[in-house]
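> Structure in C-alpha cells, see below.
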Amino acid sequence: MKIVFLRWPLLALLVSAANLCAAVTPSFTWLGAFGSGGDGKGQFDFPYGLAADASLGRVYVSDFNNNRVERFDASGSFKKAWGDSGTGNGEFSGPGGVAVRQKSGRIYVTDIYNDRVQYFDKDGRFLGTWGSTGIFAGQFAGPSGIAINQKGGDVYVCEQQGNRVQRFNSAGAFLGRWGSGGTGSGQFISPDGIAVNPKTGDVYVAEFGNNRVQRFSSTGSFEKKWGKGGSGDGEFSRPVGIAIDSAGRVYVADSGNDRVQVFDANGKFLTKFGSSGSSDAKLKRPYGVAFGSSGVVYVLDEGNSRVTRWQSTEPPVVTISGKKTRSTKKAKITISGKVTRADGSPAVSKVTAVVGTKTYTASGTTTWSFIASLQKGKNKVSVTAVDESGVSSATVSITVKRK
C-alpha cells in the first residue's frame, strides 16, 4: 500500500490493486510451420516431445522413430541433431518428453523404451542419465512426459505404464512419487504430459486415458481435476502435451480433437485454437506446446510431421488505482491507473474514460490519468484502453460519491 497526496482540487487516493482482472484470454494468429516427414535434417518420423528455450532462441523436438533430438532456432531453421538407436549414452529407444532448464540450457529427455532419463548440455553433449526398468523408486515403466521446476530445478517424470509421477533433483536423485492406476483423484491412466506452474510450483498432469487434467502441489498432494471425454469446450480426446505460460494459463494439446485448449490455473476454459487438417492454421494430432519469446507459441503437430508457430495476442488490461468505491467533497478529482501488456502484444494507443455523460481521453497510456468533473451524488467512472491493432480492454469501473 502507498498513499499518494495530490494537491487541490484533487483527492488523496489510496493506491491498491482493487481492480485487477481475472485471467486474460489471449487470441492466436497463425505464423507458419517447419518440418516434414522423413529422416533428413529438419524432418521428423513421429515427433513426440517439444521444448523451447526462449532466452537462447532455441526449439527442441524429440524424433521418436528416428531416435534423435533435433534443435532449431526460433524461426524454425534446423541447427543440429544428436542421438541414434541404442542403449548407450546419448542413444535412444523412443525419445519422448523434452524439457529445458532455462538458466543453464540443460536438456532432459525421457528415453521411453530404455526406461530412463538422459540429460545433455545446451549443445547436445551427453552429461548423465538415471533410471532402469522397474516399479521401485527411481525406476520407470514407460517414462513419457517430463517437466522442470525452473525455480528449484526439480525434475518431474510421468510414466505411461507405471501410472505415477516421480520427482527428482536436477542430477536424478529420487525425491518422491505419487499416483497409481485408476480413475479416482490422484490416480492415472496413461499420464502423458506434465508441466510445472512457474509462479506457484504446482504440477499439472494430462491423462491420455482418463481424458482429464489433474493438478497437484509440488510434492504431490492432489488439488484439482477437470475434463472428460468429448469434443466440447473443456472436454478432451486423448490429451497429450501440457504447458503453462508465464501468466499461469494452462495449454493442453487435445490430440484427438486436433486443437489446443487454454484454461486458467484453476481449470476454467478460456479459449481454443486449431482445427482438423494439414493446411495453414490446421492441426492433426497435436502432441506438445512450448513458448518462445515475444508471445510466440509452438505446437507440435505430430500427424503432419511439423512444428507450427502461432502469435499470442492479449487485450490490454486496465487497472484503476485506488478503492473501487470512494467519496469526496471535491468537484474535481484525478483518476489514475496503469495498463499492462503481454509480451509481444501491440502497444496501447489510447485510454478513454466515461464519467456520467462526459468522455475523457486520459494523459498517458502505460500509466495514465485524467481530471474528472463530478456531479452531486454517485458518479460511475468507466475506463477502457485500445491498442494499436484496435483491440479493446475489458471496461473497468469505480464509483465516486460526491457529497
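Ordered as shown in the C-alpha cells, chains take letters A, B, and onward, while each chain numbers its residues from 1 and ligands are numbered from 1 in the order shown.
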DSSP on the backbone, then: every residue of region 266-328 of chain A marked strand (DSSP E or B), written as a PyMOL selection string.
chain A and resi 269-273+276+283+286-291+296-301+306-313+317-320+325-328
> Each residue of region 74-176 of chain A lying at most 12 Å from region 244-266 of chain A should get a row with its shortest atom-to-atom pair and the distance in Å to one decimal, counting only C-alpha atoms; could you produce that, ordered by chain and increasing number, as CSV?

```
residue,atom,partner,partner_atom,distance
A:Ala147,CA,A:Ile244,CA,10.6
A:Ile148,CA,A:Ile244,CA,11.5
A:Asn149,CA,A:Ile244,CA,11.5
A:Gln150,CA,A:Ser246,CA,11.5
```
> Do a neighbour search on region 27-34 of chain A at 8 Å with only C-alpha atoms, toss out local chain neighbours closer than 6 positions, and write the hits as a PyMOL selection string.
chain A and resi 42+76-77+271+273+280-281+306-314
> Using only C-alpha atoms, which residues sit within 10 Å of Asn210 (chain A) once same-chain residues fewer than 2 positions away are excluded, as a ChimeraX atom specification?
/A:182-184,187-191,206-208,212-213,227-229,236-239
> Go through A:Ser276, A:Gln161, A:Ser55, A:Ser221 one by one, measure the shortest atom-to-atom distance of each to Val100 (chain A) using only C-alpha atoms, and give the residue with the smallest value.
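With only C-alpha atoms as the atom set, the closest residue is A:Ser55.
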> Within 10 Å of Asp111 (chain A), counting only C-alpha atoms, which residues qualify if same-chain residues fewer than 2 places away don't, as a list in words?
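That gives Ser62, Phe64, Asn67, Thr87, Gly90, Glu91, Phe92, Ser93, Gly94, Pro95, Gly96, Gly97, Val98, Tyr108, Val109, Tyr113, Asn114, Asp115, Arg116, Val117, Gln118, Thr129, Gly131, Gly142, Pro143 and Ser144 of chain A.
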> When you count only C-alpha atoms, which of these residues is closest to Ala243 (chain A): A:Gly364, A:Thr352, A:Leu50, A:Ser36?
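Using only C-alpha atoms, the shortest distance to Ala243 (chain A) belongs to A:Leu50.
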> Would you kindly return, as a count of residues only, each protein, DNA or RNA residue with an atom no farther than 12 Å from any atom of Ser389 (chain A), considering only C-alpha atoms and excluding same-chain residues fewer than 3 positions away?
14
> What's the 7 Å shell around Val165 (chain A), counting only C-alpha atoms, without same-chain residues fewer than 2 positions away, as a list in words?
Tyr156, Val157, Cys158, Glu159, Arg167, Arg177, Trp178 and Gly179 of chain A
> Separation of CA of Lys282 (chain A) and CA of Asp73 (chain A), in Å?
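Spanning CA of Lys282 (chain A) to CA of Asp73 (chain A) is a straight-line distance of 22.2 Å.
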> If you measure from CA of Gly153 (chain A) to CA of Lys80 (chain A), what distance in Å do you get, rounded to one decimal?
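If I compute the distance from CA of Gly153 (chain A) to CA of Lys80 (chain A), I get 25.6 Å.
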> When you count only C-alpha atoms, which of these residues is closest to Thr328 (chain A): A:Ser305, A:Thr399, A:Asn169, A:Thr359?
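When distances to Thr328 (chain A) are compared using only C-alpha atoms, the smallest one comes from A:Thr399.
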> So how far away is CA of Ile112 (chain A) from CA of Glu70 (chain A), in Å?
17.0 Å
> Among region 163-328 of chain A, which residues does DSSP mark as helix (DSSP H, G or I) when it is run on the backbone? Keep the chain and numbering as in the structure and answer as a PDB file with N, CA and C atoms, in the first residue's frame.

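See states_36.pdb below for the written result:
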```pdb
ATOM      1  N   SER A 255      -5.118 -33.996 -28.564  1.00  0.00           N
ATOM      2  CA  SER A 255      -4.694 -34.627 -29.819  1.00  0.00           C
ATOM      3  C   SER A 255      -5.842 -35.201 -30.622  1.00  0.00           C
ATOM      4  N   GLY A 256      -6.802 -35.835 -29.953  1.00  0.00           N
ATOM      5  CA  GLY A 256      -7.905 -36.447 -30.681  1.00  0.00           C
ATOM      6  C   GLY A 256      -8.891 -35.455 -31.259  1.00  0.00           C
ATOM      7  N   ASN A 257      -8.893 -34.235 -30.734  1.00  0.00           N
ATOM      8  CA  ASN A 257      -9.768 -33.185 -31.258  1.00  0.00           C
ATOM      9  C   ASN A 257      -9.029 -32.192 -32.144  1.00  0.00           C
ATOM     10  N   GLU A 302       2.003 -33.526 -34.586  1.00  0.00           N
ATOM     11  CA  GLU A 302       2.558 -34.854 -34.851  1.00  0.00           C
ATOM     12  C   GLU A 302       2.030 -35.470 -36.132  1.00  0.00           C
ATOM     13  N   GLY A 303       0.720 -35.387 -36.360  1.00  0.00           N
ATOM     14  CA  GLY A 303       0.130 -36.019 -37.529  1.00  0.00           C
ATOM     15  C   GLY A 303       0.561 -35.408 -38.847  1.00  0.00           C
ATOM     16  N   ASN A 304       1.033 -34.172 -38.812  1.00  0.00           N
ATOM     17  CA  ASN A 304       1.538 -33.509 -40.023  1.00  0.00           C
ATOM     18  C   ASN A 304       3.061 -33.429 -40.047  1.00  0.00           C
TER      19      ASN A 304
END
```
